[in-house]
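Asks: Input structure: work25.cif, which contains mmCIF, C-alpha atoms and all ligand atoms.
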data_model
loop_
_atom_site.label_atom_id
_atom_site.label_comp_id
_atom_site.auth_asym_id
_atom_site.auth_seq_id
_atom_site.Cartn_x
_atom_site.Cartn_y
_atom_site.Cartn_z
CA MET A 6 6.89 3.16 22.23
CA VAL A 7 6.08 5.79 19.64
CA LYS A 8 3.77 5.12 16.69
CA ALA A 9 5.46 4.29 13.38
CA VAL A 10 5.80 7.22 10.96
CA PRO A 11 7.46 7.45 7.54
CA LEU A 12 11.22 7.92 7.60
CA PHE A 13 12.67 10.25 4.97
CA LEU A 14 16.24 10.35 3.69
CA ALA A 15 17.04 14.09 3.67
CA PRO A 16 18.08 15.64 0.38
CA MET A 17 21.84 16.21 0.58
CA ALA A 18 23.87 17.73 -2.23
CA GLY A 19 26.89 15.59 -3.09
CA VAL A 20 25.58 12.68 -1.01
CA THR A 21 22.10 11.51 -2.00
CA ASP A 22 22.73 10.49 -5.60
CA LEU A 23 20.30 8.04 -7.16
CA ALA A 24 22.31 4.92 -6.19
CA TYR A 25 22.47 6.13 -2.60
CA ARG A 26 18.75 6.88 -2.51
CA LEU A 27 17.92 3.39 -3.80
CA LEU A 28 20.31 1.90 -1.24
CA ALA A 29 18.66 3.89 1.56
CA LYS A 30 15.27 2.55 0.44
CA GLU A 31 16.57 -1.01 0.58
CA CYS A 32 17.79 -0.20 4.11
CA GLY A 33 14.37 0.98 5.26
CA ALA A 34 13.97 4.62 4.18
CA ASP A 35 10.35 5.15 3.16
CA ILE A 36 10.77 8.33 1.15
CA THR A 37 13.73 9.84 -0.66
CA VAL A 38 14.19 13.26 -2.27
CA THR A 39 16.82 14.35 -4.80
CA GLU A 40 19.42 16.91 -3.86
CA PHE A 41 18.33 20.49 -4.55
CA THR A 42 18.59 21.56 -8.17
CA ALA A 43 18.46 25.11 -9.46
CA ALA A 44 15.36 26.03 -11.43
CA SER A 45 17.61 28.40 -13.38
CA GLY A 46 19.58 25.40 -14.71
CA LEU A 47 16.61 23.09 -15.24
CA SER A 48 14.53 25.70 -17.04
CA ARG A 49 17.48 26.37 -19.37
CA LEU A 50 17.79 22.62 -20.01
CA ALA A 51 21.32 22.47 -18.58
CA SER A 52 22.35 18.80 -18.75
CA HIS A 53 24.27 18.87 -15.44
CA SER A 54 21.06 20.04 -13.71
CA TRP A 55 18.90 17.37 -15.34
CA MET A 56 21.39 14.69 -14.28
CA LYS A 57 20.66 15.59 -10.66
CA VAL A 58 16.97 14.82 -11.08
CA GLU A 59 17.32 11.38 -12.64
CA SER A 60 15.30 8.60 -11.11
CA ASP A 61 14.46 4.93 -11.54
CA PRO A 62 11.19 2.97 -11.33
CA ARG A 63 12.38 1.60 -7.96
CA GLU A 64 12.30 5.11 -6.50
CA LYS A 65 8.62 5.51 -5.69
CA PRO A 66 7.58 8.21 -5.02
CA PHE A 67 10.05 10.18 -7.11
CA ILE A 68 10.48 13.62 -5.53
CA PRO A 69 12.86 16.05 -7.21
CA GLN A 70 13.74 19.09 -5.09
CA ILE A 71 14.08 22.47 -6.79
CA PHE A 72 15.04 25.95 -5.66
CA GLY A 73 15.03 29.45 -7.07
CA GLY A 74 13.73 32.94 -6.50
CA ASN A 75 12.59 33.61 -10.06
CA ILE A 76 8.93 32.70 -10.46
CA ASP A 77 9.04 32.20 -14.25
CA GLU A 78 11.96 29.78 -13.92
CA MET A 79 10.28 27.93 -11.06
CA VAL A 80 7.00 27.57 -12.97
CA ALA A 81 8.77 26.48 -16.18
CA THR A 82 10.69 23.89 -14.15
CA VAL A 83 7.55 22.53 -12.49
CA GLU A 84 5.87 22.23 -15.89
CA MET A 85 8.83 20.26 -17.29
CA LEU A 86 9.47 18.07 -14.26
CA GLN A 87 5.96 17.01 -13.48
CA GLU A 88 5.76 14.51 -16.32
CA ARG A 89 8.27 12.38 -14.42
CA ALA A 90 7.77 13.44 -10.81
CA ASP A 91 5.21 12.08 -8.33
CA ILE A 92 5.68 15.13 -6.08
CA ILE A 93 7.85 18.25 -6.47
CA ASP A 94 9.58 19.64 -3.39
CA ILE A 95 10.60 23.29 -3.12
CA ASN A 96 13.61 24.23 -1.02
CA PHE A 97 13.42 27.25 1.27
CA GLY A 98 16.04 25.85 3.61
CA CYS A 99 19.43 26.07 1.95
CA PRO A 100 21.83 28.33 3.90
CA ALA A 101 24.63 28.33 1.27
CA PRO A 102 25.74 31.93 0.60
CA LYS A 103 25.89 31.17 -3.15
CA VAL A 104 22.16 30.29 -3.06
CA CYS A 105 21.03 32.93 -0.56
CA ARG A 106 22.86 35.73 -2.45
CA ASN A 107 20.68 34.93 -5.43
CA ASP A 108 17.54 35.38 -3.37
CA ALA A 109 16.76 31.70 -3.07
CA GLY A 110 16.89 28.96 -0.42
CA ALA A 111 16.44 30.04 3.21
CA ALA A 112 17.07 33.74 2.41
CA LEU A 113 13.54 33.87 1.00
CA LEU A 114 12.10 33.20 4.46
CA ARG A 115 12.58 36.89 5.26
CA GLU A 116 9.94 37.63 2.61
CA PRO A 117 6.87 35.50 3.39
CA ASP A 118 4.85 37.14 0.59
CA ARG A 119 7.40 36.06 -1.97
CA VAL A 120 7.56 32.51 -0.64
CA VAL A 121 3.79 32.28 -0.80
CA ASP A 122 3.71 33.79 -4.29
CA ILE A 123 6.32 31.35 -5.64
CA VAL A 124 4.49 28.40 -4.15
CA ARG A 125 1.07 29.62 -5.31
CA GLN A 126 2.24 29.90 -8.90
CA CYS A 127 4.01 26.53 -8.79
CA ILE A 128 0.84 24.91 -7.44
CA ALA A 129 -1.24 26.58 -10.17
CA ALA A 130 1.11 25.15 -12.82
CA ALA A 131 1.37 21.69 -11.26
CA ASP A 132 -0.71 18.54 -11.68
CA VAL A 133 1.35 16.84 -8.97
CA PRO A 134 1.44 17.73 -5.25
CA ILE A 135 3.91 20.42 -4.19
CA THR A 136 5.74 20.06 -0.88
CA VAL A 137 8.12 22.45 0.86
CA LYS A 138 11.26 22.08 2.95
CA MET A 139 12.20 25.02 5.11
CA ARG A 140 13.97 26.25 8.24
CA LEU A 141 12.74 28.12 11.31
CA GLY A 142 13.09 31.49 9.57
CA THR A 143 16.26 33.45 8.94
CA GLY A 144 17.19 34.05 12.59
CA GLY A 145 17.33 37.82 11.97
CA GLY A 146 14.16 39.87 12.32
CA PRO A 147 10.78 38.37 13.16
CA ASN A 148 10.33 34.60 13.07
CA THR A 149 8.27 33.98 9.96
CA ALA A 150 8.20 30.17 10.01
CA LEU A 151 4.80 29.62 11.61
CA GLU A 152 3.09 32.29 9.51
CA ILE A 153 4.63 30.87 6.33
CA CYS A 154 3.53 27.32 7.15
CA GLN A 155 -0.06 28.41 7.78
CA ARG A 156 -0.16 30.43 4.59
CA LEU A 157 1.38 27.59 2.57
CA GLU A 158 -1.23 25.19 3.91
CA ALA A 159 -3.94 27.61 2.75
CA GLU A 160 -2.34 27.68 -0.71
CA GLY A 161 -2.57 23.89 -0.97
CA VAL A 162 0.91 22.66 -0.11
CA ALA A 163 0.66 18.92 0.57
CA ARG A 164 3.37 18.56 3.23
CA ILE A 165 6.02 20.66 4.92
CA CYS A 166 9.35 19.49 6.24
CA VAL A 167 10.85 21.76 8.90
CA HIS A 168 14.54 21.72 9.76
CA GLY A 169 14.60 23.04 13.34
CA ARG A 170 17.30 25.64 12.79
CA THR A 171 17.38 29.16 11.39
CA LEU A 172 19.34 30.29 8.36
CA ARG A 173 21.73 32.15 10.67
CA GLN A 174 22.44 28.95 12.65
CA ARG A 175 23.33 27.01 9.50
CA TYR A 176 24.23 23.65 11.15
CA SER A 177 25.34 24.91 14.57
CA GLY A 178 23.57 24.55 17.90
CA GLU A 179 20.71 22.15 18.47
CA ALA A 180 17.62 21.74 16.36
CA ASP A 181 14.63 23.35 18.12
CA TRP A 182 12.01 20.61 18.22
CA THR A 183 9.66 22.76 20.36
CA GLN A 184 9.16 25.21 17.51
CA ILE A 185 8.52 22.32 15.15
CA ARG A 186 5.77 21.16 17.51
CA GLU A 187 4.15 24.62 17.42
CA ILE A 188 4.00 24.32 13.66
CA VAL A 189 2.65 20.74 13.84
CA GLU A 190 -0.13 22.00 16.12
CA SER A 191 -1.02 24.97 13.97
CA VAL A 192 -1.58 23.22 10.62
CA ASP A 193 -3.51 20.14 9.48
CA ILE A 194 -1.17 18.98 6.72
CA PRO A 195 1.63 16.55 7.60
CA VAL A 196 4.71 18.20 9.07
CA ILE A 197 7.97 16.28 8.90
CA ALA A 198 10.49 17.00 11.64
CA ASN A 199 14.14 17.36 10.65
CA GLY A 200 17.31 18.02 12.61
CA ASP A 201 19.58 15.99 14.87
CA VAL A 202 17.94 12.57 14.54
CA ILE A 203 20.89 10.21 14.60
CA ASP A 204 19.55 6.94 16.07
CA ALA A 205 16.46 5.26 17.53
CA ALA A 206 16.69 7.15 20.84
CA SER A 207 16.80 10.58 19.16
CA ALA A 208 14.09 9.48 16.69
CA GLU A 209 11.82 8.58 19.60
CA ALA A 210 12.67 11.79 21.48
CA CYS A 211 12.04 13.91 18.38
CA LEU A 212 8.66 12.27 17.76
CA GLN A 213 7.64 12.74 21.38
CA ALA A 214 8.74 16.38 21.33
CA THR A 215 7.26 17.36 17.98
CA LYS A 216 4.33 14.94 17.38
CA ALA A 217 5.40 15.18 13.73
CA GLY A 218 3.93 13.02 10.99
CA GLY A 219 7.35 11.82 9.85
CA LEU A 220 11.07 12.14 10.44
CA MET A 221 13.73 13.25 8.01
CA ILE A 222 17.31 12.15 8.57
CA GLY A 223 20.32 13.85 7.00
CA ARG A 224 23.81 13.68 8.48
CA GLY A 225 22.96 10.60 10.53
CA ALA A 226 22.43 8.73 7.27
CA ILE A 227 25.71 9.77 5.61
CA GLY A 228 27.77 6.59 5.26
CA ARG A 229 25.16 4.85 7.39
CA PRO A 230 22.06 4.03 5.36
CA THR A 231 21.40 1.23 7.87
CA ILE A 232 20.09 3.90 10.27
CA PHE A 233 16.60 3.51 8.79
CA TYR A 234 16.49 -0.22 9.56
CA GLU A 235 18.06 0.31 12.98
CA ILE A 236 15.44 2.88 14.00
CA LYS A 237 12.58 0.66 12.83
CA ARG A 238 14.08 -2.37 14.58
CA ASP A 239 14.80 -0.58 17.86
CA LEU A 240 11.41 1.15 17.99
CA GLY A 241 9.63 -2.12 17.26
CA TRP A 242 8.33 -0.92 13.87
CA THR A 243 9.68 -3.94 11.99
CA LYS A 244 10.23 -7.58 12.73
CA GLN A 245 11.85 -8.23 9.35
CA ALA A 246 15.44 -9.41 9.11
CA PRO A 247 17.71 -6.80 7.52
CA PRO A 248 18.72 -7.33 3.88
CA TRP A 249 22.31 -7.97 5.01
CA GLY A 250 21.15 -11.01 7.02
CA GLU A 251 23.15 -11.15 10.18
CA ASP A 252 22.69 -8.20 12.56
CA ASN A 253 26.36 -7.23 12.71
CA THR A 254 27.75 -3.73 12.01
CA ALA A 255 30.74 -4.81 9.92
CA VAL A 256 28.60 -7.20 7.84
CA ALA A 257 26.02 -4.43 7.34
CA ARG A 258 28.67 -1.93 6.17
CA LEU A 259 30.16 -4.42 3.72
CA TRP A 260 26.72 -5.32 2.36
CA CYS A 261 25.84 -1.63 1.93
CA TRP A 262 29.12 -0.80 0.22
CA ASN A 263 28.86 -3.70 -2.23
CA ARG A 264 25.23 -2.86 -2.94
CA TYR A 265 26.14 0.80 -3.52
CA LEU A 266 28.79 -0.31 -6.04
CA GLU A 267 26.32 -2.65 -7.72
CA LEU A 268 23.63 0.03 -8.02
CA SER A 269 26.18 2.57 -9.26
CA SER A 270 27.46 0.30 -11.99
CA GLU A 271 23.89 -0.42 -13.03
CA LEU A 272 22.88 3.23 -13.10
CA TYR A 273 25.93 5.20 -14.18
CA GLU A 274 28.28 4.90 -17.07
CA ASP A 275 31.95 4.39 -16.16
CA ASP A 276 33.34 7.16 -13.97
CA MET A 277 29.99 8.87 -13.67
CA CYS A 278 29.56 8.13 -9.98
CA LYS A 279 30.88 11.47 -8.82
CA ASN A 280 30.33 10.82 -5.13
CA LEU A 281 32.19 7.50 -4.84
CA LYS A 282 35.25 8.87 -3.05
CA ARG A 283 33.12 10.83 -0.60
CA HIS A 284 31.06 7.73 0.16
CA ALA A 285 34.26 5.68 0.58
CA VAL A 286 35.28 8.08 3.33
CA SER A 287 31.90 8.21 5.05
CA PHE A 288 31.19 4.45 4.84
CA THR A 289 34.44 3.74 6.70
CA LYS A 290 34.44 6.66 9.13
CA GLY A 291 35.38 5.67 12.67
CA LEU A 292 36.25 2.06 11.79
CA PRO A 293 39.58 0.54 12.94
CA GLY A 294 42.40 1.25 10.48
CA ALA A 295 40.10 3.32 8.24
CA SER A 296 42.24 6.46 8.13
CA LYS A 297 45.25 4.47 6.90
CA MET A 298 43.11 2.76 4.27
CA ARG A 299 41.72 6.13 3.16
CA VAL A 300 45.22 7.54 2.63
CA SER A 301 45.85 4.64 0.26
CA LEU A 302 42.84 5.77 -1.80
CA HIS A 303 44.32 9.17 -2.62
CA GLY A 304 46.19 8.17 -5.72
CA ILE A 305 43.41 6.01 -7.18
CA SER A 306 41.42 7.50 -10.01
CA ASP A 307 39.86 4.29 -11.36
CA GLN A 308 36.44 3.89 -9.75
CA LYS A 309 36.40 0.08 -9.92
CA GLU A 310 39.75 -0.07 -8.17
CA LEU A 311 38.60 2.36 -5.52
CA GLY A 312 35.42 0.34 -4.98
CA SER A 313 37.30 -2.94 -4.57
CA ARG A 314 39.94 -1.42 -2.29
CA VAL A 315 37.22 -0.32 0.16
CA ALA A 316 35.36 -3.66 -0.20
CA GLU A 317 38.58 -5.55 0.60
CA TYR A 318 39.12 -3.41 3.70
CA LEU A 319 35.54 -4.08 4.87
CA GLU A 320 35.86 -7.82 4.14
CA ASN A 321 38.94 -7.98 6.37
CA LEU A 322 37.01 -6.16 9.05
CA VAL A 323 34.18 -8.72 8.84
CA GLU A 324 36.67 -11.57 9.10
CA SER A 325 38.27 -10.08 12.19
CA SER A 326 34.97 -9.17 13.87
C1 LIG B 1 26.14 17.72 2.86
C2 LIG B 1 24.74 18.27 3.00
C3 LIG B 1 24.03 18.64 1.87
C4 LIG B 1 22.72 19.15 1.99
N1 LIG B 1 22.00 19.43 0.86
C5 LIG B 1 20.68 19.77 0.96
C6 LIG B 1 19.86 19.90 -0.20
O1 LIG B 1 20.31 19.71 -1.33
N2 LIG B 1 18.56 20.24 -0.01
C7 LIG B 1 18.02 20.45 1.25
O2 LIG B 1 16.83 20.74 1.37
N3 LIG B 1 18.79 20.33 2.36
C8 LIG B 1 20.08 19.97 2.24
N4 LIG B 1 20.82 19.75 3.37
C9 LIG B 1 20.16 19.86 4.69
C10 LIG B 1 19.60 18.49 5.12
O3 LIG B 1 18.61 18.04 4.22
C11 LIG B 1 18.99 18.57 6.53
O4 LIG B 1 17.96 19.51 6.52
C12 LIG B 1 20.04 18.99 7.59
O5 LIG B 1 21.24 18.28 7.42
C13 LIG B 1 19.49 18.77 9.02
O6 LIG B 1 19.18 17.42 9.24
P1 LIG B 1 20.18 16.44 10.08
O7 LIG B 1 20.38 17.05 11.43
O8 LIG B 1 19.45 15.13 10.11
O9 LIG B 1 21.46 16.39 9.30
C14 LIG B 1 22.13 19.30 3.27
C15 LIG B 1 22.87 18.93 4.40
C16 LIG B 1 24.15 18.41 4.29
C17 LIG B 1 24.90 18.01 5.53
#
Starting from the file, lay out its structure as structure tokens.
Ligand SMILES: Cc1cc2nc3c(=O)[nH]c(=O)nc-3n(C[C@H](O)[C@H](O)[C@H](O)COP(=O)(O)O)c2cc1C
Replies:
Amino acid sequence: MVKAVPLFLAPMAGVTDLAYRLLAKECGADITVTEFTAASGLSRLASHSWMKVESDPREKPFIPQIFGGNIDEMVATVEMLQERADIIDINFGCPAPKVCRNDAGAALLREPDRVVDIVRQCIAAADVPITVKMRLGTGGGPNTALEICQRLEAEGVARICVHGRTLRQRYSGEADWTQIREIVESVDIPVIANGDVIDAASAEACLQATKAGGLMIGRGAIGRPTIFYEIKRDLGWTKQAPPWGEDNTAVARLWCWNRYLELSSELYEDDMCKNLKRHAVSFTKGLPGASKMRVSLHGISDQKELGSRVAEYLENLVESS
């Protein structure tokens, strides 16, 4: 059995809204991070950007993730955010062309000096720890990941999360856990391994391969926040009963969906839960009769109605299970 390490819910734009992050915590995630938010928007006080970095006292630590290639905007953002944040995470991992074209996200990995400069100035402006999330370089030209991690450690970065793919790979192929291990062995700060952890078996394999100080889970947690409990249960890290009581998949899904609705109605004003439809699809993915049920959601614009339609479907599933 592998030693217990913190489990992180990966930042995922359009998925990890505040209600979902709180739900993931209730399901066993130790640390959550907001989706990436542009320093250009935050530093200009754009309200849609600030909405992405909302938190709640139950989200401890609160870690907003920011990105940008403009140092003044990054520093201004750090100065504004740090009053509310416990840690600020900087994204050098996003492969989206829209982000990379603007010299931000993973595109910056081709310029280690710039990455280091951005981080140095953010650290100088910050009273809270700065962490970084990155990929294994751009995949074109020399691999800069190891060098960048060592230099970031020297600058005072508190923790680095490495997604074991290059920018060029985007989400294709397999995450390279061997390269993550090389990074783990070449720095003293905690390195969090990310990429392709989808259950307890892959969590154990990833920890054995990387020796990382934590695991971050992205796609495996979409629609399935129970993954955090399941990993801890199956690896013998917890003896606690799950919050949904009975250890039954249908019961767990129904509990999670109802809890997501409850948290959303607590946190957002009517119709402000922009990800509800997406979660409705992912929470029911692969379940019997789910595609038919999802078609029936198309015409529904009222969020309460959408929420109850999915809850009803899951209740029927529990009854028949
Ligand atoms: C829909 C989606 C949105 C994402 N948004 C972000 C983001 O905002 N910030 C970030 O650092 N990574 C983002 N990622 C990357 C994930 O955090 C993670 O690094 C990647 O999915 C690999 O982990 P996995 O194999 O566990 O999914 C996103 C991934 C997905 C699938």
Asks: Using all atoms listed in the file, what does the table of chain A residues within 7 Å of ligand LIG 1 (chain B) look like, with each row giving the shortest atom pair and its distance in Å to one decimal, sorted by chain and ascending number, as a Markdown table?
Replies:
| residue | atom | partner | partner_atom | distance |
| --- | --- | --- | --- | --- |
| A:Ala15 | CA | B:LIG1 | O3 | 4.3 |
| A:Pro16 | CA | B:LIG1 | O3 | 4.6 |
| A:Met17 | CA | B:LIG1 | N1 | 3.2 |
| A:Ala18 | CA | B:LIG1 | N1 | 4.0 |
| A:Gly19 | CA | B:LIG1 | C1 | 6.4 |
| A:Val20 | CA | B:LIG1 | C1 | 6.4 |
| A:Glu40 | CA | B:LIG1 | O1 | 3.9 |
| A:Phe41 | CA | B:LIG1 | O1 | 3.9 |
| A:Asn96 | CA | B:LIG1 | O2 | 5.3 |
| A:Gly98 | CA | B:LIG1 | O2 | 5.6 |
| A:Cys99 | CA | B:LIG1 | N3 | 5.8 |
| A:Lys138 | CA | B:LIG1 | O2 | 5.9 |
| A:His168 | CA | B:LIG1 | O4 | 5.2 |
| A:Asn199 | CA | B:LIG1 | O6 | 5.2 |
| A:Gly200 | CA | B:LIG1 | O7 | 3.4 |
| A:Asp201 | CA | B:LIG1 | O7 | 3.7 |
| A:Val202 | CA | B:LIG1 | O8 | 5.3 |
| A:Ile203 | CA | B:LIG1 | O8 | 6.8 |
| A:Met221 | CA | B:LIG1 | O8 | 6.4 |
| A:Ile222 | CA | B:LIG1 | O8 | 4.0 |
| A:Gly223 | CA | B:LIG1 | O8 | 3.5 |
| A:Arg224 | CA | B:LIG1 | O9 | 3.7 |
| A:Gly225 | CA | B:LIG1 | O8 | 5.7 |
Asks: Suppose we keep C-alpha atoms; can you now write the selection as a PDB file, in the frame of the given file?
Replies:
ATOM      1  CA  ALA A  15      17.040  14.090   3.670  1.00  0.00           C
ATOM      2  CA  PRO A  16      18.080  15.640   0.380  1.00  0.00           C
ATOM      3  CA  MET A  17      21.840  16.210   0.580  1.00  0.00           C
ATOM      4  CA  ALA A  18      23.870  17.730  -2.230  1.00  0.00           C
ATOM      5  CA  GLY A  19      26.890  15.590  -3.090  1.00  0.00           C
ATOM      6  CA  VAL A  20      25.580  12.680  -1.010  1.00  0.00           C
ATOM      7  CA  GLU A  40      19.420  16.910  -3.860  1.00  0.00           C
ATOM      8  CA  PHE A  41      18.330  20.490  -4.550  1.00  0.00           C
ATOM      9  CA  ASN A  96      13.610  24.230  -1.020  1.00  0.00           C
ATOM     10  CA  GLY A  98      16.040  25.850   3.610  1.00  0.00           C
ATOM     11  CA  CYS A  99      19.430  26.070   1.950  1.00  0.00           C
ATOM     12  CA  LYS A 138      11.260  22.080   2.950  1.00  0.00           C
ATOM     13  CA  HIS A 168      14.540  21.720   9.760  1.00  0.00           C
ATOM     14  CA  ASN A 199      14.140  17.360  10.650  1.00  0.00           C
ATOM     15  CA  GLY A 200      17.310  18.020  12.610  1.00  0.00           C
ATOM     16  CA  ASP A 201      19.580  15.990  14.870  1.00  0.00           C
ATOM     17  CA  VAL A 202      17.940  12.570  14.540  1.00  0.00           C
ATOM     18  CA  ILE A 203      20.890  10.210  14.600  1.00  0.00           C
ATOM     19  CA  MET A 221      13.730  13.250   8.010  1.00  0.00           C
ATOM     20  CA  ILE A 222      17.310  12.150   8.570  1.00  0.00           C
ATOM     21  CA  GLY A 223      20.320  13.850   7.000  1.00  0.00           C
ATOM     22  CA  ARG A 224      23.810  13.680   8.480  1.00  0.00           C
ATOM     23  CA  GLY A 225      22.960  10.600  10.530  1.00  0.00           C
TER      24      GLY A 225
END
Asks: Which of these residues is nearest to Leu151 of chain A, using only C-alpha atoms: A:Glu179, A:Asp118, A:Glu190, A:Asp22?
Replies: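 Selected residue with least distance to Leu151 of chain A: A:Glu190.
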Asks: Need the shell around Arg314 of chain A: protein/DNA/RNA residues with any atom at most 9 Å away, counting only C-alpha atoms. Skip same-chain ones fewer than 3 positions apart. Format as JSON, numbers by chain?
Replies: {"A": [298, 301, 302, 309, 310, 311, 317, 318, 319]}
Asks: Would you mind telling me which residue in A:Val83, A:Ile135, A:Val167, A:Ile36 lies nearest to Ala150 of chain A when using all atoms listed in the file?
Replies: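 Closest candidate: A:Val167.
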Asks: Rank A:Ile227, A:Ile93, A:Ala112, A:Ala159 by their smallest atom-to-atom distance to Ala131 of chain A, using all atoms listed in the file, and report the top residue only.
Replies: A:Ile93
Asks: Taking (21.2, 27.6, 15.4) in the file's coordinates as the center, which residues reach within 12 Å of it, counting only C-alpha atoms, put as number ranges by chain?
Replies: A: 100, 140-145, 168-182, 200-201
Asks: I want to know what sits within 7 Å of Leu47 of chain A, based on only C-alpha atoms, with residues of the same chain fewer than 5 positions away left out; could you give that as a PyMOL selection string?
Replies: chain A and resi 54-55+82
Asks: Which residues are close to Lys30 of chain A, i.e. within 10 Å by only C-alpha atoms, leaving aside same-chain residues fewer than 2 positions away? Reply as a count of residues only.
Replies: 21
